[in-house]
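The structure appears below as structure tokens.
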Amino acid sequence: MAARKPRLILWGASTPRTLRAHWMLHELGLDYEKRPIGPRTGETQTPEFTQLNPRQKIPVLQDGELTLVESAAIITYLADTYGGLRAWCHPPFLWSAPFTTSGASSS
Ligand SMILES: N[C@@H](CCC(=O)N[C@@H](CS)C(=O)NCC(=O)O)C(=O)O
């Protein structure tokens with residue numbers, strides 16, 4: 001029997017922008033396959049990767065047939081698609097608990 005292709009694949013490692021995407025996948029508890037190619041190694045310039053991202057930049061996320069580039073777009077997509085009520089973009093504590101920098105509640 002052929003191995004099942006994982007739904008989520010994240011390309012890229014070792015840069016702040018790739019870390020954003022790894023972090024979001026971990027926060028959401030999602031299983032994903034890592035393709036840890038690095039910057040300035042030539043690994044972003046292979047024919048296989050260039051077909052995914054003609055700009056030859058990491059990170060790149062694949063979700064089934066969907067391919068996404070740009071770290072901000074990737075984390076927004078993950079939050080919107082898999083975040084449910086835990087989505088990072090809408091943390092409920094920001095709206096329910098007013099506070100000041102001294103830690104005291106404000107009215
Ligand atoms: N705005 C993009 C920037 C992506 C980017 O510039 N990635 C760099 C590394 S930080 C890259 O892949 N460079 C190609 C290379 O060095 O081979 C994002 O946030 O995803």
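Labeling convention for the structure tokens: chains A, B, ... as they appear, residues from 1 per chain, ligands from 1 in order of appearance.
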Inset, instruction - Could the residues that lie within 12 Å of ligand 1, counting only C-alpha atoms and all ligand atoms, be listed as a VMD selection string? - result: chain A and resid 10 to 21 36 to 46 49 to 50 53 to 61 68 to 76
Quick one: write out the picked residues with C-alpha atoms as a PDB file, in the first residue's frame?
```pdb
ATOM      1  CA  LEU A  10       6.194  23.260   5.931  1.00  0.00           C
ATOM      2  CA  TRP A  11       9.289  24.105   3.924  1.00  0.00           C
ATOM      3  CA  GLY A  12      12.048  26.071   5.609  1.00  0.00           C
ATOM      4  CA  ALA A  13      13.961  26.281   8.889  1.00  0.00           C
ATOM      5  CA  SER A  14      16.502  28.376  10.770  1.00  0.00           C
ATOM      6  CA  THR A  15      15.120  31.860  10.062  1.00  0.00           C
ATOM      7  CA  PRO A  16      12.769  34.078  12.106  1.00  0.00           C
ATOM      8  CA  ARG A  17      10.216  33.975   9.307  1.00  0.00           C
ATOM      9  CA  THR A  18      10.167  30.193   9.155  1.00  0.00           C
ATOM     10  CA  LEU A  19      10.036  30.052  12.969  1.00  0.00           C
ATOM     11  CA  ARG A  20       6.770  32.019  12.892  1.00  0.00           C
ATOM     12  CA  ALA A  21       5.128  29.275  10.860  1.00  0.00           C
ATOM     13  CA  PRO A  36      13.977  21.963   6.732  1.00  0.00           C
ATOM     14  CA  ILE A  37      15.676  23.646   3.800  1.00  0.00           C
ATOM     15  CA  GLY A  38      17.771  26.693   4.698  1.00  0.00           C
ATOM     16  CA  PRO A  39      18.428  30.136   3.265  1.00  0.00           C
ATOM     17  CA  ARG A  40      21.600  30.887   1.323  1.00  0.00           C
ATOM     18  CA  THR A  41      22.277  27.175   0.850  1.00  0.00           C
ATOM     19  CA  GLY A  42      21.017  26.769  -2.713  1.00  0.00           C
ATOM     20  CA  GLU A  43      18.169  24.607  -1.395  1.00  0.00           C
ATOM     21  CA  THR A  44      15.598  27.293  -2.291  1.00  0.00           C
ATOM     22  CA  GLN A  45      16.801  27.179  -5.897  1.00  0.00           C
ATOM     23  CA  THR A  46      16.105  23.555  -6.772  1.00  0.00           C
ATOM     24  CA  PHE A  49      11.188  24.131  -4.742  1.00  0.00           C
ATOM     25  CA  THR A  50      11.110  26.754  -7.502  1.00  0.00           C
ATOM     26  CA  ASN A  53       7.635  29.191  -4.960  1.00  0.00           C
ATOM     27  CA  PRO A  54       9.059  30.902  -8.047  1.00  0.00           C
ATOM     28  CA  ARG A  55      10.411  33.646  -5.723  1.00  0.00           C
ATOM     29  CA  GLN A  56      12.637  30.967  -4.130  1.00  0.00           C
ATOM     30  CA  LYS A  57      11.892  32.090  -0.563  1.00  0.00           C
ATOM     31  CA  ILE A  58      11.059  30.211   2.617  1.00  0.00           C
ATOM     32  CA  PRO A  59       8.730  29.565   4.375  1.00  0.00           C
ATOM     33  CA  VAL A  60       6.249  27.761   2.134  1.00  0.00           C
ATOM     34  CA  LEU A  61       3.241  25.867   3.470  1.00  0.00           C
ATOM     35  CA  LEU A  68       0.990  29.350   0.464  1.00  0.00           C
ATOM     36  CA  VAL A  69       3.971  31.709   0.673  1.00  0.00           C
ATOM     37  CA  GLU A  70       4.732  34.700   2.961  1.00  0.00           C
ATOM     38  CA  SER A  71       5.000  33.976   6.675  1.00  0.00           C
ATOM     39  CA  ALA A  72       2.267  36.464   7.678  1.00  0.00           C
ATOM     40  CA  ALA A  73      -0.159  34.914   5.189  1.00  0.00           C
ATOM     41  CA  ILE A  74       0.758  31.406   6.383  1.00  0.00           C
ATOM     42  CA  ILE A  75       0.105  32.096  10.081  1.00  0.00           C
ATOM     43  CA  THR A  76      -3.117  33.981   9.317  1.00  0.00           C
TER      44      THR A  76
END
```
Inset, instruction - Enumerate as a ChimeraX atom specification all residues of segment 48-77 of chain A assigned to strand (DSSP E) by DSSP on the backbone, naming them with the chain letters and numbers the document uses. - result: /A:60-63,66-69
Inset, instruction - Please measure the separation of atom CA of Gln51 of chain A and atom CA of Leu25 of chain A, giving the value in Å to one decimal. - result: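 Between these atoms lies a distance of 23.5 Å.
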Legend entry - Shortest interatomic distance to Leu66 of chain A - which of A:Leu8, A:Leu30, A:Ala79, A:Met24, counting only C-alpha atoms: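 Among the listed residues, the smallest separation from Leu66 of chain A belongs to A:Leu8.
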Inset, instruction - Grab the atom CA of Glu48 of chain A to atom CA of Tyr82 of chain A distance for me, in Å with one decimal place. - result: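 Separation of atom CA of Glu48 of chain A and atom CA of Tyr82 of chain A: 27.2 Å.
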Legend entry - Atomic separation - atom CA of Gly29 of chain A relative to atom CA of Gly83 of chain A, Å: 9.6 Å
Inset, instruction - Choose the residue, out of A:Thr67, A:Leu28, A:Trp23, A:Pro6, that has the smallest atom-to-atom separation from Thr81 of chain A; count only C-alpha atoms. - result: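 The answer is A:Leu28, which sits nearest to Thr81 of chain A.
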